[in-house]
>>> print(open('input_37.tsv').read())   # TSV, C-alpha atoms and all ligand atoms
chain	number	residue	atom	x	y	z
A	4	MET	CA	0.00	0.00	0.00
A	5	THR	CA	1.24	3.47	-0.85
A	6	PHE	CA	0.20	6.57	1.09
A	7	MET	CA	-0.06	9.92	-0.71
A	8	THR	CA	0.44	13.25	1.06
A	9	PRO	CA	-0.09	16.37	-1.09
A	10	ALA	CA	1.63	19.67	-0.23
A	11	ARG	CA	2.52	22.98	-1.94
A	12	LEU	CA	5.88	24.66	-2.49
A	13	SER	CA	6.17	28.39	-1.73
A	14	ASP	CA	5.49	29.40	-5.36
A	15	GLY	CA	2.32	27.29	-5.45
A	16	ARG	CA	3.73	24.25	-7.22
A	17	GLU	CA	2.18	20.91	-6.28
A	18	LEU	CA	4.34	18.38	-4.42
A	19	ILE	CA	3.19	14.88	-3.40
A	20	TYR	CA	4.91	12.48	-1.03
A	21	PHE	CA	4.50	8.77	-1.74
A	22	ASP	CA	5.25	6.53	1.23
A	23	ALA	CA	5.08	2.79	1.83
A	24	SER	CA	4.95	3.36	5.58
A	25	GLU	CA	2.12	5.09	7.45
A	26	HIS	CA	4.71	6.43	9.93
A	27	SER	CA	6.55	8.27	7.17
A	28	ALA	CA	3.28	9.57	5.69
A	29	ALA	CA	2.17	10.88	9.10
A	30	ARG	CA	5.42	12.85	9.41
A	31	HIS	CA	4.78	14.49	6.04
A	32	ARG	CA	1.26	15.48	7.10
A	33	ASP	CA	2.82	17.38	10.03
A	34	GLU	CA	5.53	18.88	7.81
A	35	ALA	CA	2.99	20.00	5.21
A	36	ALA	CA	1.83	22.64	7.70
A	37	SER	CA	5.33	24.15	8.12
A	38	ALA	CA	6.42	23.64	4.52
A	39	ASP	CA	8.74	25.45	2.14
A	40	GLN	CA	10.66	28.35	3.78
A	41	ARG	CA	12.15	29.85	0.60
A	42	GLY	CA	9.51	32.42	-0.34
A	43	LEU	CA	10.10	31.78	-4.04
A	44	PRO	CA	8.89	34.41	-6.55
A	45	ALA	CA	5.65	33.72	-8.38
A	46	ARG	CA	5.93	31.29	-11.26
A	47	GLY	CA	6.55	32.64	-14.74
A	48	ALA	CA	4.08	32.15	-17.56
A	49	ALA	CA	4.34	29.04	-19.70
A	50	GLY	CA	6.70	29.07	-22.66
A	51	THR	CA	5.50	28.82	-26.23
A	52	ALA	CA	5.07	26.07	-28.76
A	53	ARG	CA	5.62	26.69	-32.46
A	54	PHE	CA	4.12	24.59	-35.20
A	55	ASP	CA	6.56	23.26	-37.79
A	56	ALA	CA	4.39	23.26	-40.90
A	57	LEU	CA	7.08	21.33	-42.83
A	58	SER	CA	6.90	18.23	-40.61
A	59	GLY	CA	3.61	18.75	-38.79
A	60	GLU	CA	5.37	18.66	-35.42
A	61	TRP	CA	5.10	20.99	-32.43
A	62	ILE	CA	8.37	22.42	-31.09
A	63	ALA	CA	8.49	23.77	-27.52
A	64	VAL	CA	10.46	27.00	-27.20
A	65	ALA	CA	11.74	27.02	-23.63
A	66	ALA	CA	14.44	29.69	-23.57
A	67	HIS	CA	13.76	30.25	-19.85
A	68	ARG	CA	15.23	26.82	-19.15
A	69	GLN	CA	18.76	28.01	-19.95
A	70	SER	CA	19.09	29.27	-16.35
A	71	ARG	CA	18.10	25.96	-14.77
A	72	THR	CA	20.27	24.19	-12.23
A	73	HIS	CA	23.16	22.33	-13.89
A	74	LEU	CA	25.12	19.67	-11.98
A	75	PRO	CA	25.08	21.47	-8.59
A	76	PRO	CA	27.53	20.39	-5.84
A	77	ALA	CA	26.14	17.65	-3.56
A	78	ASP	CA	25.58	20.04	-0.63
A	79	GLN	CA	23.34	22.22	-2.81
A	80	CYS	CA	21.35	19.38	-4.37
A	81	PRO	CA	17.73	20.46	-4.98
A	82	LEU	CA	16.49	16.87	-4.56
A	83	CYS	CA	18.09	16.12	-1.17
A	84	PRO	CA	15.88	16.71	1.91
A	85	ALA	CA	16.00	20.40	2.92
A	86	THR	CA	18.47	21.50	5.62
A	87	PRO	CA	19.14	25.00	7.05
A	88	GLY	CA	22.14	25.27	4.68
A	89	ASN	CA	20.35	23.86	1.62
A	90	LEU	CA	16.72	24.93	1.26
A	91	SER	CA	16.05	22.37	-1.46
A	92	GLU	CA	12.90	21.61	-3.45
A	93	ILE	CA	11.85	19.05	-0.85
A	94	PRO	CA	10.94	20.63	2.52
A	95	ALA	CA	11.08	17.41	4.53
A	96	ALA	CA	13.57	15.94	7.03
A	97	ASP	CA	13.51	12.74	5.00
A	98	TYR	CA	11.30	11.15	2.37
A	99	GLU	CA	10.72	7.93	0.44
A	100	VAL	CA	9.46	9.00	-3.01
A	101	VAL	CA	8.32	12.50	-3.92
A	102	VAL	CA	6.84	14.02	-7.08
A	103	PHE	CA	6.67	17.76	-7.70
A	104	GLU	CA	6.10	20.19	-10.54
A	105	ASN	CA	9.32	21.15	-12.33
A	106	ARG	CA	10.40	24.71	-11.52
A	107	PHE	CA	11.70	25.09	-15.10
A	108	PRO	CA	9.08	23.24	-17.17
A	109	SER	CA	9.23	22.79	-20.95
A	110	PHE	CA	5.42	22.46	-20.90
A	111	GLY	CA	3.05	24.25	-18.53
A	112	PRO	CA	2.09	25.24	-15.92
A	113	ASP	CA	-0.89	26.52	-17.94
A	114	LEU	CA	-3.32	23.91	-19.26
A	115	GLY	CA	-5.41	24.15	-22.41
A	116	GLU	CA	-5.94	23.00	-25.98
A	117	LEU	CA	-3.56	23.68	-28.86
A	118	PRO	CA	-5.13	25.15	-32.03
A	119	ASP	CA	-7.00	22.57	-34.14
A	120	SER	CA	-5.69	23.56	-37.57
A	121	PRO	CA	-2.19	24.97	-37.10
A	122	GLU	CA	-0.24	26.27	-40.08
A	123	TRP	CA	2.98	28.17	-40.80
A	124	GLY	CA	3.42	30.88	-38.19
A	125	THR	CA	1.12	29.32	-35.57
A	126	THR	CA	2.43	29.99	-32.08
A	127	ALA	CA	0.62	28.63	-29.04
A	128	THR	CA	1.09	28.43	-25.32
A	129	ALA	CA	3.24	25.42	-24.39
A	130	TYR	CA	0.44	23.91	-22.34
A	131	GLY	CA	1.05	20.84	-20.23
A	132	ARG	CA	2.87	19.80	-17.15
A	133	CYS	CA	6.38	18.64	-16.27
A	134	GLU	CA	7.03	16.83	-13.03
A	135	VAL	CA	10.13	15.52	-11.26
A	136	VAL	CA	10.12	12.17	-9.45
A	137	ALA	CA	12.79	11.84	-6.75
A	138	PHE	CA	13.29	8.09	-6.33
A	139	ASP	CA	14.91	8.18	-2.89
A	140	SER	CA	16.29	10.70	-0.38
A	141	ALA	CA	19.84	9.29	-0.74
A	142	HIS	CA	21.95	11.43	-3.08
A	143	GLN	CA	23.80	8.55	-4.79
A	144	GLY	CA	22.37	5.86	-7.03
A	145	SER	CA	19.79	5.38	-9.75
A	146	PHE	CA	16.65	3.30	-10.16
A	147	GLY	CA	18.66	0.07	-10.28
A	148	SER	CA	20.17	0.65	-6.82
A	149	LEU	CA	16.79	1.17	-5.11
A	150	SER	CA	15.48	-1.39	-2.63
A	151	PRO	CA	12.59	-3.47	-4.02
A	152	GLU	CA	10.24	-1.69	-1.60
A	153	ARG	CA	11.33	1.76	-2.80
A	154	ALA	CA	11.20	0.75	-6.48
A	155	ARG	CA	7.66	-0.54	-5.93
A	156	THR	CA	6.63	2.84	-4.45
A	157	VAL	CA	8.09	4.63	-7.51
A	158	ILE	CA	5.94	2.41	-9.75
A	159	ASP	CA	2.85	3.35	-7.74
A	160	ALA	CA	3.82	7.03	-8.03
A	161	TRP	CA	4.20	6.71	-11.85
A	162	ALA	CA	0.81	5.00	-12.05
A	163	GLN	CA	-0.95	7.59	-9.90
A	164	ARG	CA	0.58	10.50	-11.80
A	165	THR	CA	-0.28	8.91	-15.16
A	166	GLU	CA	-3.91	8.69	-14.12
A	167	ALA	CA	-4.04	12.20	-12.63
A	168	LEU	CA	-2.22	13.91	-15.51
A	169	SER	CA	-4.29	12.07	-18.15
A	170	ALA	CA	-7.41	13.62	-16.58
A	171	MET	CA	-6.10	17.21	-16.84
A	172	PRO	CA	-7.53	19.52	-19.55
A	173	GLY	CA	-5.80	19.30	-22.92
A	174	ILE	CA	-3.34	16.52	-22.01
A	175	LYS	CA	-2.89	14.07	-24.92
A	176	GLN	CA	0.05	11.92	-23.79
A	177	VAL	CA	1.76	11.16	-20.46
A	178	PHE	CA	5.42	10.10	-20.57
A	179	CYS	CA	7.33	8.74	-17.55
A	180	PHE	CA	11.08	8.45	-18.09
A	181	GLU	CA	14.50	8.32	-16.50
A	182	ASN	CA	17.70	9.68	-18.02
A	183	ARG	CA	20.69	8.08	-16.40
A	184	GLY	CA	24.26	9.40	-16.78
A	185	ALA	CA	25.85	12.72	-17.65
A	186	ASP	CA	26.69	11.29	-21.11
A	187	ILE	CA	23.06	11.67	-22.15
A	188	GLY	CA	22.45	15.08	-20.63
A	189	VAL	CA	21.53	14.46	-17.00
A	190	THR	CA	21.87	17.77	-15.14
A	191	LEU	CA	21.19	16.44	-11.62
A	192	LEU	CA	22.99	13.40	-10.22
A	193	HIS	CA	20.44	12.64	-7.48
A	194	PRO	CA	18.42	9.54	-8.54
A	195	HIS	CA	15.31	10.85	-10.20
A	196	GLY	CA	13.06	10.63	-13.22
A	197	GLN	CA	10.65	12.94	-14.94
A	198	ILE	CA	7.08	12.91	-16.20
A	199	TYR	CA	5.97	15.01	-19.17
A	200	ALA	CA	2.27	15.54	-19.87
A	201	TYR	CA	2.08	16.83	-23.46
A	202	PRO	CA	-0.68	18.86	-25.14
A	203	PHE	CA	-0.11	16.78	-28.32
A	204	ILE	CA	0.93	13.20	-29.14
A	205	PRO	CA	4.72	13.36	-29.70
A	206	PRO	CA	6.02	12.05	-33.06
A	207	ARG	CA	7.37	8.67	-31.94
A	208	ALA	CA	4.35	7.94	-29.73
A	209	ALA	CA	2.11	8.91	-32.66
A	210	ALA	CA	3.95	6.54	-35.02
A	211	LEU	CA	3.66	3.65	-32.54
A	212	ALA	CA	-0.03	4.41	-31.87
A	213	ASP	CA	-0.76	4.53	-35.61
A	214	ARG	CA	0.91	1.15	-36.27
A	215	ALA	CA	-0.87	-0.39	-33.28
A	216	ALA	CA	-4.29	0.96	-34.39
A	217	ARG	CA	-3.86	-0.34	-37.96
A	218	PHE	CA	-2.85	-3.82	-36.80
A	219	HIS	CA	-5.74	-3.93	-34.33
A	220	ALA	CA	-8.25	-2.87	-36.99
A	221	ALA	CA	-6.89	-5.39	-39.52
A	222	SER	CA	-7.42	-8.19	-36.98
A	223	GLY	CA	-11.03	-7.17	-36.52
A	224	GLY	CA	-10.23	-5.82	-33.07
A	225	THR	CA	-9.06	-9.21	-31.78
A	226	LYS	CA	-5.28	-8.77	-31.65
A	227	THR	CA	-2.73	-6.18	-30.53
A	228	LEU	CA	0.53	-5.52	-32.35
A	229	MET	CA	2.65	-5.70	-29.20
A	230	GLY	CA	0.89	-8.89	-28.14
A	231	HIS	CA	1.82	-10.38	-31.52
A	232	ILE	CA	5.43	-9.18	-31.23
A	233	LEU	CA	5.78	-10.48	-27.68
A	234	ALA	CA	4.49	-13.93	-28.68
A	235	SER	CA	6.85	-13.96	-31.68
A	236	GLU	CA	9.89	-12.99	-29.58
A	237	ARG	CA	9.07	-15.58	-26.90
A	238	SER	CA	8.69	-18.21	-29.60
A	239	ALA	CA	11.96	-17.29	-31.35
A	240	GLY	CA	13.78	-17.08	-28.02
A	241	ASP	CA	17.19	-15.84	-29.13
A	242	ARG	CA	16.54	-12.20	-28.22
A	243	MET	CA	14.85	-12.92	-24.88
A	244	VAL	CA	16.55	-11.64	-21.73
A	245	ILE	CA	14.04	-12.34	-18.94
A	246	GLU	CA	10.75	-14.25	-19.00
A	247	GLY	CA	8.48	-13.85	-16.00
A	248	LYS	CA	4.86	-14.67	-15.27
A	249	HIS	CA	3.54	-11.17	-16.06
A	250	PHE	CA	6.46	-9.41	-17.76
A	251	SER	CA	9.18	-10.28	-20.24
A	252	ALA	CA	12.25	-8.37	-21.44
A	253	PHE	CA	13.83	-8.82	-24.85
A	254	ILE	CA	16.04	-7.06	-27.37
A	255	PRO	CA	13.69	-6.05	-30.19
A	256	PHE	CA	14.17	-7.82	-33.55
A	257	ALA	CA	15.08	-4.49	-35.21
A	258	ALA	CA	16.80	-2.68	-32.34
A	259	ARG	CA	17.87	0.85	-33.26
A	260	TRP	CA	20.46	1.39	-30.53
A	261	PRO	CA	23.60	-0.57	-29.53
A	262	LEU	CA	21.68	-1.43	-26.36
A	263	GLU	CA	17.89	-1.44	-26.60
A	264	VAL	CA	15.63	-3.52	-24.38
A	265	HIS	CA	11.84	-3.69	-24.38
A	266	LEU	CA	10.13	-4.69	-21.14
A	267	VAL	CA	6.57	-5.75	-21.89
A	268	PRO	CA	3.60	-6.92	-19.81
A	269	HIS	CA	2.04	-10.21	-20.93
A	270	ARG	CA	-1.42	-8.65	-20.75
A	271	GLN	CA	-2.53	-5.72	-22.87
A	272	VAL	CA	-2.80	-2.69	-20.63
A	273	ALA	CA	-2.86	0.90	-21.88
A	274	ASP	CA	-0.73	2.48	-19.20
A	275	LEU	CA	0.97	2.00	-15.84
A	276	ALA	CA	-2.22	2.92	-14.00
A	277	GLY	CA	-3.86	-0.22	-15.44
A	278	LEU	CA	-1.38	-2.68	-13.87
A	279	THR	CA	-2.65	-4.82	-10.98
A	280	GLY	CA	-0.82	-5.01	-7.66
A	281	GLU	CA	0.57	-8.44	-8.54
A	282	GLU	CA	1.82	-7.14	-11.90
A	283	ARG	CA	3.50	-4.16	-10.22
A	284	ASP	CA	5.19	-6.52	-7.74
A	285	GLU	CA	6.67	-8.57	-10.55
A	286	LEU	CA	7.57	-5.49	-12.59
A	287	THR	CA	9.62	-4.31	-9.60
A	288	ALA	CA	11.62	-7.55	-9.50
A	289	VAL	CA	12.04	-7.90	-13.27
A	290	TYR	CA	13.04	-4.26	-13.81
A	291	LEU	CA	15.62	-4.33	-11.01
A	292	ASP	CA	16.98	-7.60	-12.40
A	293	LEU	CA	17.23	-6.06	-15.88
A	294	LEU	CA	19.02	-2.92	-14.64
A	295	GLY	CA	21.43	-5.08	-12.63
A	296	ARG	CA	22.32	-7.01	-15.79
A	297	ILE	CA	22.81	-3.81	-17.78
A	298	ASP	CA	25.20	-2.46	-15.16
A	299	ALA	CA	27.09	-5.77	-15.10
A	300	LEU	CA	27.98	-5.42	-18.82
A	301	TYR	CA	30.77	-2.87	-18.28
A	302	PRO	CA	33.08	-1.77	-15.44
A	303	THR	CA	31.30	1.61	-15.17
A	304	PRO	CA	27.57	2.46	-15.04
A	305	THR	CA	25.92	2.46	-18.46
A	306	PRO	CA	24.06	5.64	-19.47
A	307	TYR	CA	20.52	4.99	-20.61
A	308	ILE	CA	17.12	6.47	-21.33
A	309	ALA	CA	14.28	4.42	-19.80
A	310	ALA	CA	11.13	5.49	-21.66
A	311	TRP	CA	7.65	4.26	-20.71
A	312	GLN	CA	5.62	4.06	-23.89
A	313	GLN	CA	2.00	4.39	-22.79
A	314	ALA	CA	-1.13	4.61	-24.93
A	315	PRO	CA	-2.19	8.18	-25.70
A	316	VAL	CA	-5.08	9.56	-23.60
A	317	ASP	CA	-7.44	9.23	-26.60
A	318	PRO	CA	-9.97	6.46	-25.75
A	319	VAL	CA	-9.92	4.99	-29.27
A	320	LEU	CA	-6.12	4.72	-29.35
A	321	ARG	CA	-6.18	3.12	-25.91
A	322	GLN	CA	-8.00	0.10	-27.36
A	323	SER	CA	-4.90	-0.89	-29.33
A	324	GLY	CA	-2.21	0.86	-27.27
A	325	TYR	CA	0.04	-1.38	-25.21
A	326	LEU	CA	2.18	-0.23	-22.30
A	327	HIS	CA	5.87	-1.11	-22.47
A	328	LEU	CA	9.28	0.20	-21.50
A	329	GLN	CA	11.86	1.03	-24.16
A	330	LEU	CA	15.28	1.28	-22.56
A	331	THR	CA	17.99	2.54	-24.90
A	332	SER	CA	21.66	3.33	-24.49
A	333	PRO	CA	24.14	4.88	-26.92
A	334	ARG	CA	26.95	2.80	-25.36
A	335	ARG	CA	28.45	0.37	-27.86
A	336	ALA	CA	31.63	-0.58	-25.95
A	337	ALA	CA	33.26	0.11	-22.57
A	338	ASP	CA	34.74	3.36	-23.87
A	339	LYS	CA	32.59	4.12	-26.92
A	340	LEU	CA	29.27	5.90	-27.39
A	341	LYS	CA	27.19	5.97	-30.54
A	342	TYR	CA	26.48	9.48	-31.72
A	343	LEU	CA	23.45	10.30	-33.77
A	344	ALA	CA	25.08	11.30	-37.03
A	345	GLY	CA	23.72	12.16	-40.47
A	346	SER	CA	21.54	9.16	-41.19
A	347	GLU	CA	20.02	8.94	-37.71
A	348	ALA	CA	19.77	12.64	-36.80
A	349	ALA	CA	18.85	14.01	-40.21
A	350	MET	CA	16.88	11.15	-41.71
A	351	GLY	CA	15.72	9.12	-38.71
A	352	ALA	CA	17.23	6.02	-40.34
A	353	PHE	CA	19.14	4.02	-37.74
A	354	ILE	CA	22.21	1.91	-38.37
A	355	ASN	CA	23.03	-0.44	-35.50
A	356	ASP	CA	26.63	-1.63	-35.00
A	357	THR	CA	25.59	-4.53	-32.74
A	358	THR	CA	23.34	-7.51	-33.40
A	359	PRO	CA	20.29	-7.83	-31.14
A	360	GLU	CA	20.98	-11.56	-30.64
A	361	ALA	CA	24.54	-10.95	-29.36
A	362	VAL	CA	23.37	-8.22	-26.99
A	363	ALA	CA	20.61	-10.49	-25.66
A	364	ARG	CA	23.15	-13.25	-25.03
A	365	SER	CA	25.40	-10.82	-23.11
A	366	LEU	CA	22.51	-9.68	-20.92
A	367	ARG	CA	21.36	-13.23	-20.25
A	368	ASN	CA	24.87	-14.13	-19.10
A	369	ALA	CA	25.49	-10.91	-17.16
A	370	LEU	CA	26.01	-11.51	-13.46
A	371	PRO	CA	23.99	-9.41	-11.04
A	372	SER	CA	26.20	-6.75	-9.47
A	373	ALA	CA	27.49	-7.16	-5.91
A	374	SER	CA	25.34	-4.27	-4.75
A	375	ARG	CA	22.25	-6.30	-5.57
A	376	ALA	CA	23.31	-9.46	-3.73
A	377	ASN	CA	20.97	-8.62	-0.85
A	378	ALA	CA	17.98	-7.80	-3.01
A	379	GLN	CA	14.89	-9.98	-3.11
A	380	PRO	CA	15.27	-12.86	-5.57
A	381	ALA	CA	13.71	-11.97	-8.89
A	382	VAL	CA	10.38	-13.61	-9.65
A	383	ALA	CA	11.48	-14.12	-13.20
A	384	ARG	CA	13.97	-16.57	-14.56
A	385	PRO	CA	16.41	-15.62	-17.29
A	386	ALA	CA	15.21	-16.83	-20.67
A	387	THR	CA	16.90	-20.03	-21.73
A	388	ASP	CA	19.61	-19.47	-24.28
A	389	ARG	CA	18.15	-21.80	-26.87
A	390	LYS	CA	20.72	-20.88	-29.49
A	391	ASP	CA	23.64	-21.59	-27.13
A	392	GLN	CA	22.17	-24.99	-26.26
A	393	ALA	CA	21.65	-25.96	-29.88
A	401	ZN	ZN	20.74	14.98	-3.68
>>> encode(input="input_37.tsv", output="structure tokens")
Amino acid sequence: MTFMTPARLSDGRELIYFDASEHSAARHRDEAASADQRGLPARGAAGTARFDALSGEWIAVAAHRQSRTHLPPADQCPLCPATPGNLSEIPAADYEVVVFENRFPSFGPDLGELPDSPEWGTTATAYGRCEVVAFDSAHQGSFGSLSPERARTVIDAWAQRTEALSAMPGIKQVFCFENRGADIGVTLLHPHGQIYAYPFIPPRAAALADRAARFHAASGGTKTLMGHILASERSAGDRMVIEGKHFSAFIPFAARWPLEVHLVPHRQVADLAGLTGEERDELTAVYLDLLGRIDALYPTPTPYIAAWQQAPVDPVLRQSGYLHLQLTSPRRAADKLKYLAGSEAAMGAFINDTTPEAVARSLRNALPSASRANAQPAVARPATDRKDQA
């Protein structure tokens, strides 16, 4: 069970504590009365969004974000619990998981609908909402170093925020993600993720939703595309990494990145909010197992983007949409990163220097790191390496 305690920061931003223990939640209820001592200035207006008539895509113009906090020293971390010397974003003596509105949002805080028929020159308010999820009060680590209990609370927080943000006016897509590692642009080292609630369906989510809807329609509404892919991958076997009861992880047949893993529920569910308690329990174990394997590949932590692909808010698209995680890393060797060059960046045509089957084999054989030796045993078993046995 996860307890929620809402509070407000001094500039009016919403902040919500998520706690597994009633004791911890009770402390936050007391703290909520004393709250943020900083007396922050009123929030600025939302930025703008410009319509790119050439591609049909919306581009957020967030020049105000240039002044945001960039790799602050540990004693000035905005995600550590507040102290007299560091009045951080989190006015609590300690916390488990906390979600709050980003002080420098790319979208929001205003909510509303973008114009229906945009054309060249259309500028709109960058409606929406950007939130920060602090995974733990400890300054070091990332999702993979969380205790199973803490990871489970983060999953509940993602699910609750997905449901709440999807219900806000004008929100078309909710995106929970974690950027890990300075190599891919992380500006705060404290373990955290973000949630973007967009006023449009972003290009990649739109492409996935369109493919899913077409497949679903062609099957007479009886099959989902991801369900078909999952069954095909489990049957082929050579790209599987973990097979559990409710979730499986595999390297996709046509992976774009040197390291790309898809973590997929066995049941069609539109978003994280739709997962049952039992599914969330297994997701916790499988995801921690997967991240442990990824960090066992190289001597140093591997940078990654963990992107939750959820169905858009649109009720029709939710019929064919299928929740899954796409974890990607540009790392192609211990000391080499893939850069998005001409073909990828300019044309969107990916060239992968690794084979998905070899990467899957490495992850299946990766030993869990020493730091995870005390973790709960994973529910899932590693997929059998059918090719190696042949
Ligand atoms: Zn910190």
>>> axis_aligned_box(input="input_37.tsv", around="range 264-267 of chain A", padding_each_side="3 Å", output="lines of an AutoDock Vina configuration file")
center_x = 11.1
center_y = -4.6
center_z = -22.8
size_x = 15.1
size_y = 8.2
size_z = 9.2
>>> residues_near_ligand(input="input_37.tsv", ligand="ligand ZN 401 (chain A)", cutoff="6 Å", atoms="only C-alpha atoms and all ligand atoms", output="list in words")
Cys80, Leu82, Cys83, His142 and His193 of chain A
>>> closest_residue(input="input_37.tsv", among="A:Asp213, A:Glu152, A:Glu282, A:Glu236", to="Phe250 in chain A", atoms="only C-alpha atoms")
A:Glu282
>>> residues_around(input="input_37.tsv", residues="range 27-37 of chain A", least_positions_apart="6", cutoff="9 Å", atoms="all atoms listed in the file", output="list in words")
Phe6, Met7, Thr8, Pro9, Ala10, Arg11, Tyr20, Phe21, Pro94, Ala95, Ala96, Asp97, Tyr98 and Glu99 of chain A
>>> closest_residue(input="input_37.tsv", among="A:Tyr307, A:Phe178, A:Tyr130, A:Phe138", to="Pro108 in chain A", atoms="all atoms listed in the file")
A:Tyr130
>>> residues_near_point(input="input_37.tsv", point="(9.3, 0.8, -23.6)", cutoff="8 Å", atoms="all atoms listed in the file", output="PDB file with C-alpha atoms, in the frame of the given file")
ATOM      1  CA  VAL A 264      15.630  -3.520 -24.380  1.00  0.00           C
ATOM      2  CA  HIS A 265      11.840  -3.690 -24.380  1.00  0.00           C
ATOM      3  CA  LEU A 266      10.130  -4.690 -21.140  1.00  0.00           C
ATOM      4  CA  VAL A 267       6.570  -5.750 -21.890  1.00  0.00           C
ATOM      5  CA  ALA A 309      14.280   4.420 -19.800  1.00  0.00           C
ATOM      6  CA  ALA A 310      11.130   5.490 -21.660  1.00  0.00           C
ATOM      7  CA  TRP A 311       7.650   4.260 -20.710  1.00  0.00           C
ATOM      8  CA  GLN A 312       5.620   4.060 -23.890  1.00  0.00           C
ATOM      9  CA  LEU A 326       2.180  -0.230 -22.300  1.00  0.00           C
ATOM     10  CA  HIS A 327       5.870  -1.110 -22.470  1.00  0.00           C
ATOM     11  CA  LEU A 328       9.280   0.200 -21.500  1.00  0.00           C
ATOM     12  CA  GLN A 329      11.860   1.030 -24.160  1.00  0.00           C
ATOM     13  CA  LEU A 330      15.280   1.280 -22.560  1.00  0.00           C
TER      14      LEU A 330
END
>>> residues_near_point(input="input_37.tsv", point="(17.4, -16.2, -35.7)", cutoff="9 Å", atoms="all atoms listed in the file", output="PyMOL selection string")
chain A and resi 239-242+360+390
>>> closest_residue(input="input_37.tsv", among="A:Gly324, A:Pro84, A:Pro333, A:Pro261", to="Leu211 in chain A", atoms="all atoms listed in the file")
A:Gly324
>>> atom_distance(input="input_37.tsv", atom1="CA of Leu43 in chain A", atom2="CA of Gln197 in chain A")
21.8 Å
